[in-house]
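Structure first, then comments.
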Amino acid sequence: MLLQKIEESKNIIISSHINPDGDCIGSGIGLYWALKKKYPNKNIRYIIEDRVPYNYKFLEGTQNIEIFEELKDEPKADLFIVVDSANFKRIGKVAELKKDAFLVNIDHHISNDLYGDINIVKNTSSASEVVYGVITEMLNIEIDSKIGEALYTGIITDSGNFQYENTTENTFKVAGKILNVGIDRNKIINNVYRSRTLGFIKVLGLTLSEMVMLKDEKIVYFTLTRDFMLKNNIQKDETDGIVEKMLEYRDCEVAVFLKEEGNGKIKGSLRSKEKVDVNEVAKLFDGGGHKKAAGFTTYLSEEEIIRLIKEKI
């Protein structure tokens, strides 16, 4: 049915969640290039709300991603494809462009609420792993290095470079097949993991030196203030990956990284090692994600957030 809908559609919009990460960008760009390859005469656009993080701009095609607030026209869509978003509202203002378009939901989050007319949702390492199957099995499009580098980036970032529990035998098989098309793996690793900015280093240093440890609950948490971000010119994408570093503390089970976003809003990132399902914790704040990695946005205070998390755990 997906193939039929693509064949019937002239105008296709791809989108993904706000605050984009590697899987968001990788799965979207991979699908974008695959569709452009098979259907060069169709009008295919990849539109998101926020800018591409600095360490993913090396991927070919990111220059073609359009930012909603910078659109110079009102894009039309017969087919609207959302990748890596557990619910439709997570794509932000781009949702306004859907109108009467047929909606396809391609995702890997266990919290996905199956909002599409077609739902291709699998509990895998990443949306990029799901998109690989869509491209090769459902659309019969051959993976080339351009598509492969995007998908490989998404897979490694959402699997923690094959560390997380959501990494399966199929994840390694897909990664191996992508490697065989001749992608530049070193380029990907260097850009994703070895190209940190001074802003990231500053936030990391502050976090690791001042994070609070709750010994009884085995929780570590830290709140990055808006004031610190403004004084040090810290960009939104310069805090990605901090919570994973917090989780490296040997005596913790759960890491909580909170970031003030202005107007009383706090964005929370949760990670766990073994026992705690942070997807269930995130649901306290209408968030979600995976068992070992989840997130949320709330207007509650730091004190109230930590109290609720302690009670849940």
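Following the order of the structure tokens, chains are lettered A, B, ..., residues in each are numbered from 1, and ligands are numbered from 1.
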Residue neighbourhood Val278 of chain A, 9 Å, only C-alpha atoms, exclusion window fewer than 6 positions, as a ChimeraX atom specification: /A:254,270-272,288-295
Would you save the residues from that selection as a PDB file, in the first residue's frame, using C-alpha atoms?
```
ATOM      1  CA  VAL A 254      19.338   6.578  36.284  1.00  0.00           C
ATOM      2  CA  LEU A 270      16.391  10.285  30.917  1.00  0.00           C
ATOM      3  CA  ARG A 271      18.752   7.321  30.672  1.00  0.00           C
ATOM      4  CA  SER A 272      18.956   4.090  32.673  1.00  0.00           C
ATOM      5  CA  GLY A 288       8.103   8.861  26.220  1.00  0.00           C
ATOM      6  CA  GLY A 289      10.695   6.985  24.219  1.00  0.00           C
ATOM      7  CA  HIS A 290      12.340   3.693  25.091  1.00  0.00           C
ATOM      8  CA  LYS A 291      12.943   1.588  28.176  1.00  0.00           C
ATOM      9  CA  LYS A 292      16.535   2.823  28.593  1.00  0.00           C
ATOM     10  CA  ALA A 293      16.262   6.240  26.929  1.00  0.00           C
ATOM     11  CA  ALA A 294      13.361   8.696  27.027  1.00  0.00           C
ATOM     12  CA  GLY A 295      12.555  12.373  27.172  1.00  0.00           C
TER      13      GLY A 295
END
```
Pick out each residue of segment 129-236 of chain A that DSSP on the backbone tags as strand (DSSP E or B); I need them as a VMD selection string. chain A and resid 212 to 214 219 to 224
Any idea what's packed within 9 Å of Ala150 of chain A, counting only C-alpha atoms, ignoring anything in its chain fewer than 2 positions away? Could you give it as a ChimeraX atom specification? /A:22-23,25-31,59-60,128,145-148,152-155
Find the spatial neighbours of Leu208 of chain A, counting only C-alpha atoms, within a cut-off of 10 Å - ignore same-chain residues fewer than 3 positions away - and output them as JSON, numbers by chain. {"A": [203, 204, 205, 211, 212, 220, 221, 222, 242, 243, 245, 246, 249]}
Contacts of Tyr299 of chain A within 7 Å, only C-alpha atoms, excl. fewer than 4 positions in-chain, as number ranges by chain: A: 264-266
Would you save the residues from that selection as a PDB file, in the first residue's frame, using C-alpha atoms?
```
ATOM      1  CA  GLY A 264       9.265  28.259  32.471  1.00  0.00           C
ATOM      2  CA  LYS A 265       9.683  25.244  30.182  1.00  0.00           C
ATOM      3  CA  ILE A 266      12.159  22.470  31.005  1.00  0.00           C
TER       4      ILE A 266
END
```
Considering only alpha helix (DSSP H) as DSSP defines it on the backbone, what residues of segment 93-237 of chain A qualify? List them as an NGL selection string. :A and (127-133 or 145-158 or 169-179 or 185-193 or 198-210 or 226-231)
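Atom to atom, atom CA of Ser9 of chain A and atom CA of Lys38 of chain A stand 13.2 Å apart.
Distances to Ile48 of chain A were evaluated for A:Trp33, A:Phe200, A:Phe102, A:Phe68 using only C-alpha atoms, and the minimum falls at A:Phe68.
Note that the spacing between atom CA of Asn166 of chain A and atom CA of Tyr115 of chain A amounts to 22.6 Å.
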Using only C-alpha atoms, tabulate the residues of segment 49-154 of chain A lying at most 10 Å from any atom of segment 192-198 of chain A, each with its closest atom pair and that distance in Å to one decimal, by chain and increasing residue number, as JSON lines.
```
{"residue": "A:Tyr54", "atom": "CA", "partner": "A:Thr197", "partner_atom": "CA", "distance": 9.0}
{"residue": "A:Asn55", "atom": "CA", "partner": "A:Val192", "partner_atom": "CA", "distance": 5.4}
{"residue": "A:Tyr56", "atom": "CA", "partner": "A:Val192", "partner_atom": "CA", "distance": 6.7}
{"residue": "A:Lys57", "atom": "CA", "partner": "A:Val192", "partner_atom": "CA", "distance": 9.8}
{"residue": "A:Phe58", "atom": "CA", "partner": "A:Val192", "partner_atom": "CA", "distance": 9.2}
{"residue": "A:Thr153", "atom": "CA", "partner": "A:Val192", "partner_atom": "CA", "distance": 7.9}
```
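Comparing A:Ile120, A:Leu151, A:Leu179, A:Ile65 by their smallest distance to Met138 of chain A, the closest is A:Ile120 (using only C-alpha atoms).
For the residues A:Val82, A:Glu7, A:Pro40, A:Arg45, ranking by smallest atom-to-atom distance to Cys24 of chain A using only C-alpha atoms places A:Val82 first.
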